[in-house]
>>> print(open('work_2.tsv').read())   # TSV, C-alpha atoms
chain	number	residue	atom	x	y	z
A	12	MET	CA	-13.36	-77.31	165.76
A	13	GLY	CA	-13.42	-74.41	168.18
A	14	ALA	CA	-14.72	-74.29	171.69
A	15	THR	CA	-18.48	-74.12	171.98
A	16	GLU	CA	-20.14	-71.65	174.30
A	17	GLN	CA	-21.13	-74.62	176.43
A	18	GLN	CA	-17.49	-75.78	176.69
A	19	LYS	CA	-16.36	-72.29	177.66
A	20	LYS	CA	-19.11	-72.09	180.26
A	21	GLU	CA	-18.20	-75.47	181.71
A	22	LEU	CA	-14.53	-74.54	181.89
A	23	ARG	CA	-15.28	-71.34	183.75
A	24	GLU	CA	-17.60	-73.14	186.14
A	25	LYS	CA	-14.72	-75.45	187.07
A	26	LEU	CA	-12.46	-72.61	188.10
A	27	LEU	CA	-11.56	-72.21	191.76
A	28	LYS	CA	-10.81	-68.76	193.13
A	29	GLU	CA	-7.77	-69.91	195.10
A	30	PRO	CA	-5.17	-72.57	194.32
A	31	PRO	CA	-6.11	-75.86	196.00
A	32	VAL	CA	-3.88	-76.75	198.94
A	33	GLY	CA	-1.82	-79.92	198.80
A	34	ARG	CA	-2.77	-80.89	195.27
A	35	PRO	CA	-1.30	-80.13	191.84
A	36	PHE	CA	-3.31	-77.51	190.00
A	37	ARG	CA	-3.58	-75.63	186.74
A	38	HIS	CA	-3.44	-71.87	186.54
A	39	VAL	CA	-6.14	-71.09	183.96
A	40	VAL	CA	-6.41	-67.73	182.24
A	41	CYS	CA	-9.65	-67.15	180.32
A	42	GLU	CA	-10.62	-64.14	178.29
A	43	ASN	CA	-12.10	-60.97	179.74
A	44	GLY	CA	-9.79	-61.13	182.74
A	45	ILE	CA	-11.30	-64.29	184.20
A	46	GLU	CA	-8.67	-66.36	186.00
A	47	GLY	CA	-8.81	-69.33	188.30
A	48	TYR	CA	-7.48	-72.73	189.21
A	49	ILE	CA	-8.39	-76.34	188.54
A	50	ALA	CA	-7.16	-79.13	190.79
A	51	PHE	CA	-5.65	-82.17	189.11
A	52	SER	CA	-7.69	-85.34	189.23
A	53	ASP	CA	-6.19	-88.55	190.56
A	54	GLU	CA	-5.83	-89.76	187.00
A	55	GLU	CA	-3.97	-86.62	186.01
A	56	ILE	CA	-1.64	-86.89	188.99
A	57	ALA	CA	-0.86	-90.45	187.96
A	58	GLN	CA	-0.27	-89.34	184.38
A	59	GLN	CA	2.02	-86.57	185.61
A	60	ALA	CA	4.14	-89.16	187.41
A	61	ILE	CA	4.26	-91.26	184.25
A	62	ASP	CA	5.33	-88.24	182.19
A	63	ALA	CA	8.07	-87.37	184.68
A	64	ALA	CA	9.34	-90.94	184.61
A	65	TYR	CA	9.32	-90.88	180.81
A	66	PHE	CA	11.32	-87.66	180.85
A	67	GLU	CA	13.90	-89.09	183.22
A	68	GLU	CA	14.22	-92.09	180.94
A	69	GLN	CA	14.66	-89.82	177.95
A	70	LYS	CA	17.42	-87.93	179.73
A	71	LYS	CA	19.41	-91.13	179.98
A	72	ASN	CA	19.21	-91.61	176.23
A	73	GLN	CA	20.35	-88.20	175.12
A	74	PRO	CA	22.47	-87.86	171.97
A	75	LEU	CA	26.11	-87.14	172.66
A	76	THR	CA	27.30	-83.58	172.80
A	77	LEU	CA	29.87	-82.40	170.26
A	78	GLU	CA	32.71	-82.76	172.77
A	79	GLU	CA	31.52	-86.22	173.67
A	80	ARG	CA	31.38	-87.26	170.02
A	81	ILE	CA	34.87	-85.89	169.34
A	82	ALA	CA	36.25	-87.63	172.42
A	83	LYS	CA	34.65	-90.86	171.33
A	84	LEU	CA	36.10	-90.59	167.82
A	85	GLU	CA	39.53	-89.68	169.16
A	86	LYS	CA	39.42	-92.60	171.50
A	87	ALA	CA	38.40	-94.95	168.67
A	88	ALA	CA	41.26	-93.56	166.55
A	89	GLY	CA	43.74	-94.04	169.35
A	90	ILE	CA	44.40	-90.34	169.85
A	91	GLY	CA	43.36	-87.88	172.49
A	92	GLY	CA	42.87	-88.49	176.17
A	93	THR	CA	42.14	-91.63	178.00
B	8	MET	CA	-6.93	-21.15	176.22
B	9	VAL	CA	-9.73	-18.65	175.88
B	10	ALA	CA	-12.28	-19.06	178.66
B	11	ILE	CA	-16.06	-19.02	178.74
B	12	ALA	CA	-18.55	-18.68	181.58
B	13	ASN	CA	-22.28	-18.92	182.03
B	14	LEU	CA	-24.73	-16.02	182.18
B	15	VAL	CA	-22.11	-13.27	181.84
B	16	HIS	CA	-24.01	-10.19	180.69
B	17	GLN	CA	-23.28	-6.48	181.20
B	18	GLN	CA	-24.09	-3.27	179.33
B	19	SER	CA	-22.16	-0.27	178.05
B	20	THR	CA	-22.77	3.13	176.41
B	21	THR	CA	-19.20	3.52	175.19
B	22	THR	CA	-18.85	4.69	171.58
B	23	GLY	CA	-16.06	4.45	169.04
B	24	THR	CA	-13.26	1.89	169.00
B	25	SER	CA	-11.94	2.48	172.48
B	26	ASP	CA	-12.17	0.16	175.49
B	27	PHE	CA	-15.68	-0.45	176.79
B	28	THR	CA	-16.79	0.66	180.24
B	29	LEU	CA	-19.16	-1.96	181.60
B	30	THR	CA	-22.11	-1.56	183.93
B	31	ALA	CA	-23.70	-4.33	185.93
B	32	MET	CA	-27.04	-5.91	185.12
B	33	ASN	CA	-29.31	-7.10	187.88
B	34	GLY	CA	-29.13	-10.86	188.34
B	35	LYS	CA	-26.40	-11.40	185.76
B	36	GLN	CA	-22.76	-12.35	186.27
B	37	SER	CA	-20.13	-9.69	185.57
B	38	PHE	CA	-16.98	-10.25	183.49
B	39	ASN	CA	-14.91	-9.36	186.54
B	40	THR	CA	-16.63	-12.03	188.65
B	41	ALA	CA	-16.22	-14.61	185.93
B	42	PHE	CA	-12.68	-13.88	184.70
B	43	GLY	CA	-11.00	-11.23	186.86
B	44	THR	CA	-8.61	-8.69	185.39
B	45	GLY	CA	-5.37	-8.79	183.45
B	46	GLY	CA	-3.91	-10.92	180.68
B	47	SER	CA	-4.96	-10.77	177.06
B	48	ASN	CA	-7.45	-12.73	174.99
B	49	VAL	CA	-8.78	-14.14	178.27
B	50	PHE	CA	-12.42	-14.68	177.29
B	51	TYR	CA	-14.85	-14.54	174.40
B	52	TYR	CA	-17.09	-11.43	174.20
B	53	PHE	CA	-20.05	-10.48	172.04
B	54	ILE	CA	-21.22	-6.83	171.74
B	55	MET	CA	-24.61	-5.80	170.25
B	56	ASN	CA	-25.84	-2.23	169.88
B	57	GLN	CA	-29.56	-1.99	170.76
B	58	SER	CA	-29.91	1.22	168.72
B	59	ALA	CA	-28.00	0.38	165.55
B	60	ALA	CA	-27.14	-2.57	163.31
B	61	GLU	CA	-23.74	-2.97	164.89
B	62	PHE	CA	-22.21	-6.02	166.51
B	63	GLU	CA	-18.77	-7.41	167.18
B	64	TYR	CA	-17.33	-10.57	168.68
B	65	GLY	CA	-13.84	-11.59	169.61
B	66	THR	CA	-11.56	-12.23	172.55
B	67	GLY	CA	-10.62	-9.72	175.19
B	68	HIS	CA	-9.75	-9.07	178.81
B	69	LEU	CA	-10.48	-6.63	181.61
B	70	SER	CA	-7.91	-3.91	182.31
B	71	SER	CA	-9.85	-3.10	185.45
B	72	SER	CA	-12.99	-4.52	187.04
B	73	THR	CA	-15.27	-2.58	184.66
B	74	VAL	CA	-13.15	-1.92	181.54
B	75	LEU	CA	-13.26	-4.35	178.62
B	76	VAL	CA	-10.27	-4.39	176.27
B	77	ARG	CA	-11.18	-5.86	172.86
B	78	ASP	CA	-7.91	-7.68	172.07
B	79	THR	CA	-8.77	-9.63	168.94
B	80	VAL	CA	-11.81	-9.09	166.74
B	81	ILE	CA	-12.96	-12.35	165.18
B	82	GLY	CA	-15.97	-10.97	163.30
B	83	GLY	CA	-18.75	-8.36	163.20
B	84	THR	CA	-20.11	-5.52	161.14
B	85	ASN	CA	-16.54	-4.31	160.49
B	86	SER	CA	-15.21	-7.74	159.63
B	87	THR	CA	-12.16	-8.49	161.76
B	88	SER	CA	-11.50	-4.85	162.70
B	89	LEU	CA	-12.81	-2.91	165.67
B	90	VAL	CA	-16.35	-1.62	165.12
B	91	ASN	CA	-16.73	2.14	165.51
B	92	PHE	CA	-19.83	1.89	167.69
B	93	SER	CA	-22.36	4.74	167.55
B	94	ALA	CA	-24.48	5.98	170.43
B	95	GLY	CA	-26.83	3.66	172.24
B	96	THR	CA	-26.89	0.97	174.87
B	97	LYS	CA	-24.81	-2.10	174.04
B	98	ASP	CA	-25.31	-5.56	175.47
B	99	VAL	CA	-21.96	-7.22	176.23
B	100	CYS	CA	-22.04	-11.00	176.74
B	101	CYS	CA	-19.70	-13.93	176.92
B	102	ASP	CA	-20.47	-16.22	174.03
B	103	ILE	CA	-18.50	-18.49	171.71
B	104	GLU	CA	-18.66	-17.63	168.05
B	105	ALA	CA	-20.41	-20.17	165.87
B	106	SER	CA	-17.31	-21.51	164.09
B	107	LYS	CA	-15.84	-22.49	167.42
B	108	GLN	CA	-18.93	-24.35	168.55
B	109	ILE	CA	-19.49	-28.04	167.93
B	110	ILE	CA	-22.81	-29.53	167.02
B	111	ASN	CA	-22.42	-32.94	168.58
B	112	PRO	CA	-22.14	-35.47	165.74
B	113	LEU	CA	-21.77	-38.48	168.04
B	114	THR	CA	-24.62	-40.91	167.75
B	115	THR	CA	-23.43	-44.28	168.91
B	116	ARG	CA	-21.52	-45.70	171.84
B	117	GLY	CA	-17.82	-45.79	171.06
B	118	ASP	CA	-17.93	-42.92	168.56
B	119	ILE	CA	-14.84	-40.72	168.50
B	120	LEU	CA	-15.00	-37.00	167.76
B	121	VAL	CA	-12.72	-35.97	164.88
B	122	ARG	CA	-12.57	-33.04	162.47
B	123	ASP	CA	-13.22	-33.73	158.82
B	124	ALA	CA	-12.40	-31.22	156.08
B	125	SER	CA	-14.37	-28.45	157.77
B	126	VAL	CA	-16.40	-29.48	160.79
B	127	ALA	CA	-16.53	-31.90	163.67
B	128	ALA	CA	-17.46	-35.40	162.65
B	129	ARG	CA	-17.83	-38.83	164.15
B	130	LEU	CA	-15.52	-41.75	163.64
B	131	ALA	CA	-17.49	-44.88	164.43
B	132	LEU	CA	-15.91	-47.43	166.73
B	133	GLY	CA	-13.62	-49.78	164.85
B	134	ALA	CA	-14.05	-53.52	164.71
B	135	ASN	CA	-12.72	-55.62	167.56
B	136	PHE	CA	-8.90	-55.49	167.91
B	137	LYS	CA	-8.50	-52.67	165.36
B	138	THR	CA	-6.19	-49.84	166.38
B	139	LEU	CA	-6.49	-46.12	165.74
B	140	GLN	CA	-4.02	-45.06	163.08
B	141	SER	CA	-3.61	-42.29	160.49
B	142	ASN	CA	-4.09	-42.53	156.73
B	143	GLY	CA	-2.18	-39.27	156.30
B	144	THR	CA	-5.33	-37.18	156.20
B	145	ASP	CA	-7.64	-38.47	158.89
B	146	PRO	CA	-7.62	-40.88	161.79
B	147	ALA	CA	-8.58	-44.35	160.62
B	148	TRP	CA	-8.90	-47.82	162.05
B	149	GLY	CA	-6.27	-50.29	160.98
B	150	ASP	CA	-4.40	-53.45	161.83
B	151	ALA	CA	-1.44	-53.58	164.18
B	152	PRO	CA	-0.01	-56.06	166.64
B	153	ILE	CA	-1.97	-55.85	169.86
B	154	LEU	CA	-1.51	-57.17	173.37
B	155	LEU	CA	-4.14	-59.87	173.90
B	156	THR	CA	-3.37	-61.03	177.38
B	157	SER	CA	-0.61	-60.91	179.95
B	158	GLY	CA	-0.01	-61.84	183.52
B	159	ASN	CA	2.04	-63.55	186.16
B	160	ILE	CA	2.04	-67.30	186.60
B	161	THR	CA	0.67	-68.47	189.90
B	162	ALA	CA	3.39	-69.92	192.14
B	163	SER	CA	3.52	-73.72	192.28
B	164	ALA	CA	1.04	-74.20	189.42
B	165	THR	CA	1.63	-77.40	187.52
B	166	THR	CA	0.47	-75.89	184.25
B	167	LEU	CA	-0.30	-72.46	182.89
B	168	ASP	CA	-3.38	-72.73	180.67
B	169	ILE	CA	-4.35	-69.73	178.56
B	170	VAL	CA	-7.70	-69.79	176.77
B	171	MET	CA	-7.54	-67.96	173.45
B	172	THR	CA	-10.92	-68.68	171.87
B	173	SER	CA	-11.59	-65.04	170.99
B	174	TYR	CA	-8.23	-64.56	169.31
B	175	THR	CA	-8.14	-67.24	166.63
B	176	ALA	CA	-8.65	-64.76	163.77
B	177	PHE	CA	-5.13	-63.41	164.12
B	178	SER	CA	-2.56	-64.67	161.64
B	179	ALA	CA	-0.11	-65.37	164.47
B	180	TRP	CA	0.36	-65.16	168.21
B	181	LEU	CA	3.62	-63.85	169.59
B	182	ILE	CA	4.19	-65.29	173.04
B	183	ILE	CA	6.80	-63.66	175.25
B	184	GLY	CA	7.84	-65.60	178.32
B	185	LYS	CA	9.94	-63.92	180.97
B	186	GLY	CA	11.67	-65.63	183.86
B	187	PHE	CA	9.90	-68.97	183.56
B	188	MET	CA	11.30	-71.12	186.34
B	189	PRO	CA	10.49	-74.66	187.53
B	190	THR	CA	10.36	-76.16	190.98
B	191	THR	CA	12.33	-79.22	189.91
B	192	ASP	CA	15.91	-78.76	188.78
B	193	GLN	CA	16.97	-79.63	185.24
B	194	VAL	CA	13.62	-79.93	183.49
B	195	LEU	CA	12.32	-78.88	180.09
B	196	LEU	CA	9.61	-76.39	179.25
B	197	TYR	CA	6.82	-77.80	177.10
B	198	LEU	CA	4.01	-76.23	175.14
B	199	ARG	CA	0.82	-78.12	174.45
B	200	LEU	CA	-2.12	-76.94	172.40
B	201	SER	CA	-5.87	-77.29	172.65
B	202	THR	CA	-8.49	-77.41	169.92
B	203	ASP	CA	-11.50	-77.24	172.22
B	204	GLY	CA	-10.96	-74.04	174.18
B	205	GLY	CA	-8.89	-75.60	176.93
B	206	SER	CA	-11.20	-78.47	177.83
B	207	THR	CA	-8.48	-80.89	176.74
B	208	TYR	CA	-4.93	-80.51	175.42
B	209	VAL	CA	-3.39	-82.65	172.74
B	210	ALA	CA	-0.64	-84.65	174.44
B	211	THR	CA	0.16	-87.36	171.97
B	212	ASN	CA	2.75	-87.95	169.28
B	213	SER	CA	0.79	-85.54	167.06
B	214	TYR	CA	3.55	-83.03	167.80
B	215	HIS	CA	6.76	-82.82	165.80
B	216	HIS	CA	9.74	-80.79	166.80
B	217	ARG	CA	13.15	-79.67	165.52
B	218	SER	CA	15.65	-77.66	167.49
B	219	ARG	CA	19.24	-76.73	168.06
B	220	CYS	CA	20.73	-75.43	171.22
B	221	GLU	CA	24.09	-74.15	172.37
B	222	LEU	CA	25.40	-74.04	175.88
B	223	THR	CA	28.06	-71.97	177.52
B	224	GLY	CA	30.75	-74.45	176.58
B	225	GLY	CA	29.87	-74.18	172.91
B	226	ASP	CA	28.64	-77.72	172.36
B	227	ALA	CA	25.54	-78.31	170.34
B	228	SER	CA	23.03	-80.98	169.61
B	229	GLY	CA	20.37	-81.37	167.00
B	230	GLY	CA	16.73	-82.11	167.36
B	231	GLY	CA	14.71	-84.36	165.19
B	232	GLN	CA	12.98	-86.42	167.79
B	233	LEU	CA	9.27	-86.87	168.00
B	234	LEU	CA	8.04	-85.40	171.24
B	235	ALA	CA	4.78	-85.58	173.04
B	236	GLN	CA	4.70	-81.81	172.94
B	237	ILE	CA	6.56	-78.87	171.50
B	238	SER	CA	9.65	-78.35	173.58
B	239	PRO	CA	11.31	-74.95	173.32
B	240	HIS	CA	14.24	-76.39	175.24
B	241	GLY	CA	14.90	-79.02	172.62
B	242	THR	CA	15.68	-82.53	173.74
B	243	ASN	CA	19.08	-81.94	175.27
B	244	SER	CA	18.89	-82.58	178.98
B	245	THR	CA	21.92	-80.38	179.58
B	246	PHE	CA	19.90	-77.49	178.22
B	247	CYS	CA	17.31	-77.85	180.92
B	248	CYS	CA	16.13	-75.07	183.14
B	249	GLY	CA	17.34	-74.81	186.72
B	250	ASN	CA	15.36	-74.03	189.84
B	251	VAL	CA	17.81	-72.01	191.91
B	252	SER	CA	17.21	-68.32	192.56
B	253	GLY	CA	18.46	-66.34	189.57
B	254	GLU	CA	17.97	-69.21	187.14
B	255	GLY	CA	15.20	-69.47	184.60
B	256	CYS	CA	14.51	-68.86	180.97
B	257	ASP	CA	13.16	-66.20	178.61
B	258	PHE	CA	11.68	-67.01	175.23
B	259	GLU	CA	9.74	-65.72	172.28
B	260	LEU	CA	7.47	-68.10	170.43
B	261	LEU	CA	5.55	-67.31	167.26
B	262	LEU	CA	2.59	-69.59	166.61
B	263	PHE	CA	1.23	-69.23	163.08
B	264	ASP	CA	-2.39	-69.12	161.92
B	265	PRO	CA	-4.01	-70.45	165.08
B	266	GLY	CA	-7.45	-70.36	163.46
B	267	GLY	CA	-6.44	-72.27	160.34
B	268	THR	CA	-8.03	-75.61	159.62
B	269	THR	CA	-6.48	-76.50	156.27
B	270	HIS	CA	-2.93	-77.20	157.39
B	271	TYR	CA	-0.96	-78.11	160.48
B	272	THR	CA	-0.33	-75.45	163.11
B	273	SER	CA	3.34	-74.56	163.37
B	274	CYS	CA	5.49	-72.37	165.53
B	275	ASN	CA	9.07	-71.28	165.88
B	276	TYR	CA	10.88	-69.93	168.88
B	277	ALA	CA	14.09	-68.72	170.44
B	278	ILE	CA	14.88	-69.29	174.08
B	279	ASN	CA	17.62	-68.36	176.50
B	280	THR	CA	18.30	-70.16	179.75
B	281	TYR	CA	20.59	-68.85	182.42
B	282	ASN	CA	21.82	-69.57	185.88
B	283	GLY	CA	23.29	-67.46	188.61
B	284	THR	CA	26.97	-67.97	187.61
B	285	PRO	CA	25.96	-66.55	185.10
B	286	ASN	CA	26.11	-69.18	182.40
B	287	MET	CA	23.60	-69.28	179.65
B	288	GLY	CA	22.25	-71.47	176.92
B	289	TRP	CA	20.54	-70.63	173.69
B	290	GLY	CA	17.99	-72.65	171.79
B	291	GLN	CA	16.07	-72.20	168.59
B	292	GLY	CA	13.60	-74.45	166.90
B	293	SER	CA	10.25	-75.15	165.39
B	294	GLY	CA	7.33	-77.38	166.11
B	295	ILE	CA	4.06	-78.41	164.59
B	296	LEU	CA	0.89	-79.99	165.77
B	297	ALA	CA	-0.16	-82.41	163.05
B	298	VAL	CA	-3.84	-81.75	163.58
B	299	LYS	CA	-5.76	-79.60	161.11
B	300	GLN	CA	-7.92	-77.78	163.63
B	301	ASP	CA	-8.02	-74.31	165.05
B	302	ILE	CA	-5.88	-73.76	168.12
B	303	ASP	CA	-7.70	-71.91	170.86
B	304	ALA	CA	-5.80	-72.53	174.09
B	305	LEU	CA	-2.16	-72.87	175.18
B	306	ARG	CA	-0.63	-74.87	177.98
B	307	PHE	CA	2.87	-74.41	179.36
B	308	LEU	CA	4.27	-77.04	181.65
B	309	TRP	CA	7.55	-78.58	182.71
B	310	SER	CA	8.73	-82.04	181.84
B	311	SER	CA	8.57	-82.77	185.54
B	312	GLY	CA	7.23	-80.86	188.54
B	313	ASN	CA	5.56	-77.50	188.86
B	314	PHE	CA	6.29	-73.87	188.23
B	315	ASN	CA	8.50	-72.38	190.90
B	316	GLY	CA	6.94	-71.57	194.25
B	317	SER	CA	8.39	-68.07	194.50
B	318	THR	CA	9.36	-66.83	191.02
B	319	PRO	CA	7.34	-68.80	188.45
B	320	GLY	CA	7.57	-66.18	185.68
B	321	SER	CA	5.31	-63.99	183.60
B	322	TYR	CA	3.99	-63.85	180.04
B	323	LYS	CA	2.59	-61.56	177.38
B	324	ILE	CA	0.75	-62.66	174.24
B	325	TYR	CA	0.40	-60.38	171.24
B	326	GLY	CA	-1.90	-60.92	168.28
B	327	ILE	CA	-0.33	-60.34	164.86
B	328	PRO	CA	-3.09	-59.39	162.34
>>> encode(input="work_2.tsv", output="structure tokens")
Amino acid sequence: MGATEQQKKELREKLLKEPPVGRPFRHVVCENGIEGYIAFSDEEIAQQAIDAAYFEEQKKNQPLTLEERIAKLEKAAGIGGT
Amino acid sequence: MVAIANLVHQQSTTTGTSDFTLTAMNGKQSFNTAFGTGGSNVFYYFIMNQSAAEFEYGTGHLSSSTVLVRDTVIGGTNSTSLVNFSAGTKDVCCDIEASKQIINPLTTRGDILVRDASVAARLALGANFKTLQSNGTDPAWGDAPILLTSGNITASATTLDIVMTSYTAFSAWLIIGKGFMPTTDQVLLYLRLSTDGGSTYVATNSYHHRSRCELTGGDASGGGQLLAQISPHGTNSTFCCGNVSGEGCDFELLLFDPGGTTHYTSCNYAINTYNGTPNMGWGQGSGILAVKQDIDALRFLWSSGNFNGSTPGSYKIYGIP
């Protein structure tokens, strides 16, 4: 399902010529050299915060690196460092 | 290059094969005015004898303001040799011989003038995105990778959205990212895809992703997690991208068959991150969007925060036929 002409038209009509001040925005590049900006809605700003929180949570649950795995195994085997 | 000029017409009564002494004609331009003296094969000339069936054309020059030297005979009543002109008044003009003249074959906007086996011909404009190539005999339109769009990311943008609705016929898009840099330290670069020309972007668990990355210290971690987007940085937080001057990342990402609707859209990529030390990391992986629809817009964003406020990066996207 590709974009309809109406969807493309609506997208271009949304574009601002300058980035909005004090609000997150998208940099949108359309075809034929048309470029512009779309300010985030309140809902999108809220979702962005949720995504960032999810990412931070994910960072805490990262798999161990190789060195960390080796150190853990060595420690379990009673060898290696403290 | 042999020159031509308008309304150059003089006369001469010179006979034989020697240089022609020219006389002016009222209201006409002289060879000396048009071309000056000296050189060789400076201009085209055409000589016609009013009193005999004799003519000659070729290239020549003036040895003085009124003396025509016939350097090279191209044709005439003595073939390519100097005509031994008999008595009578000769008209001497500047004219291009027929074989050097082009009857304009162009008929349509975008036509290109080429030479076929013998004469000038038109090469009609190729289809959209075709490139001019050679088939070994003639110029011809063909397929080649082509730059579709490029630009700089606007500072402090939260996302970079690139609408690609006109480019879905390509078999792949090659996306080159240079110096992508976030505002927030230690974040991941994400790619999301749109199936409706950028009106919305799929941001669900429809994406699948596999990657490996190596850091300066040589440690590695595997991918295999389900992400909410394709993540060229993998899932290793230590492979994130920094936000200090001199940090950032470069990547190449090949997205296959964006216009396909019979299978999932997949991509693979290689990415380098670096900081000012300089230390660097390397990542490689693949991703798919498990939606069988054509992809017609791209969105780059960071796992948290915006693109950098001073050096956000730049991109180029090539279409692979």
>>> atom_distance(input="work_2.tsv", atom1="atom CA of B:Ser163", atom2="atom CA of A:Pro35")
8.0 Å
>>> atom_distance(input="work_2.tsv", atom1="atom CA of B:Lys137", atom2="atom CA of A:His38")
29.0 Å
>>> interface_residues(input="work_2.tsv", of="chain B", to="chain A", cutoff="8 Å", atoms="all atoms listed in the file", output="ChimeraX atom specification")
/B:156,160-161,164-173,202-206,226-228,242-244,300-303,310-313
>>> residues_around(input="work_2.tsv", residues="stretch 130-136 of chain B", least_positions_apart="2", cutoff="12 Å", atoms="only C-alpha atoms", output="VMD selection string")
chain B and resid 112 to 123 127 to 128 138 to 140 145 to 155 173 to 177 325 to 328
>>> atom_distance(input="work_2.tsv", atom1="atom CA of B:Leu198", atom2="atom CA of B:Gly294")
9.7 Å
>>> closest_residue(input="work_2.tsv", among="B:Leu260, B:Val80, B:Ile295, B:Leu29", to="B:Ser273", atoms="only C-alpha atoms")
B:Ile295
>>> residues_around(input="work_2.tsv", residues="B:Lys107", least_positions_apart="3", cutoff="12 Å", atoms="only C-alpha atoms", output="PyMOL selection string")
chain B and resi 9+11+51+65+81+102-104+110+125-127
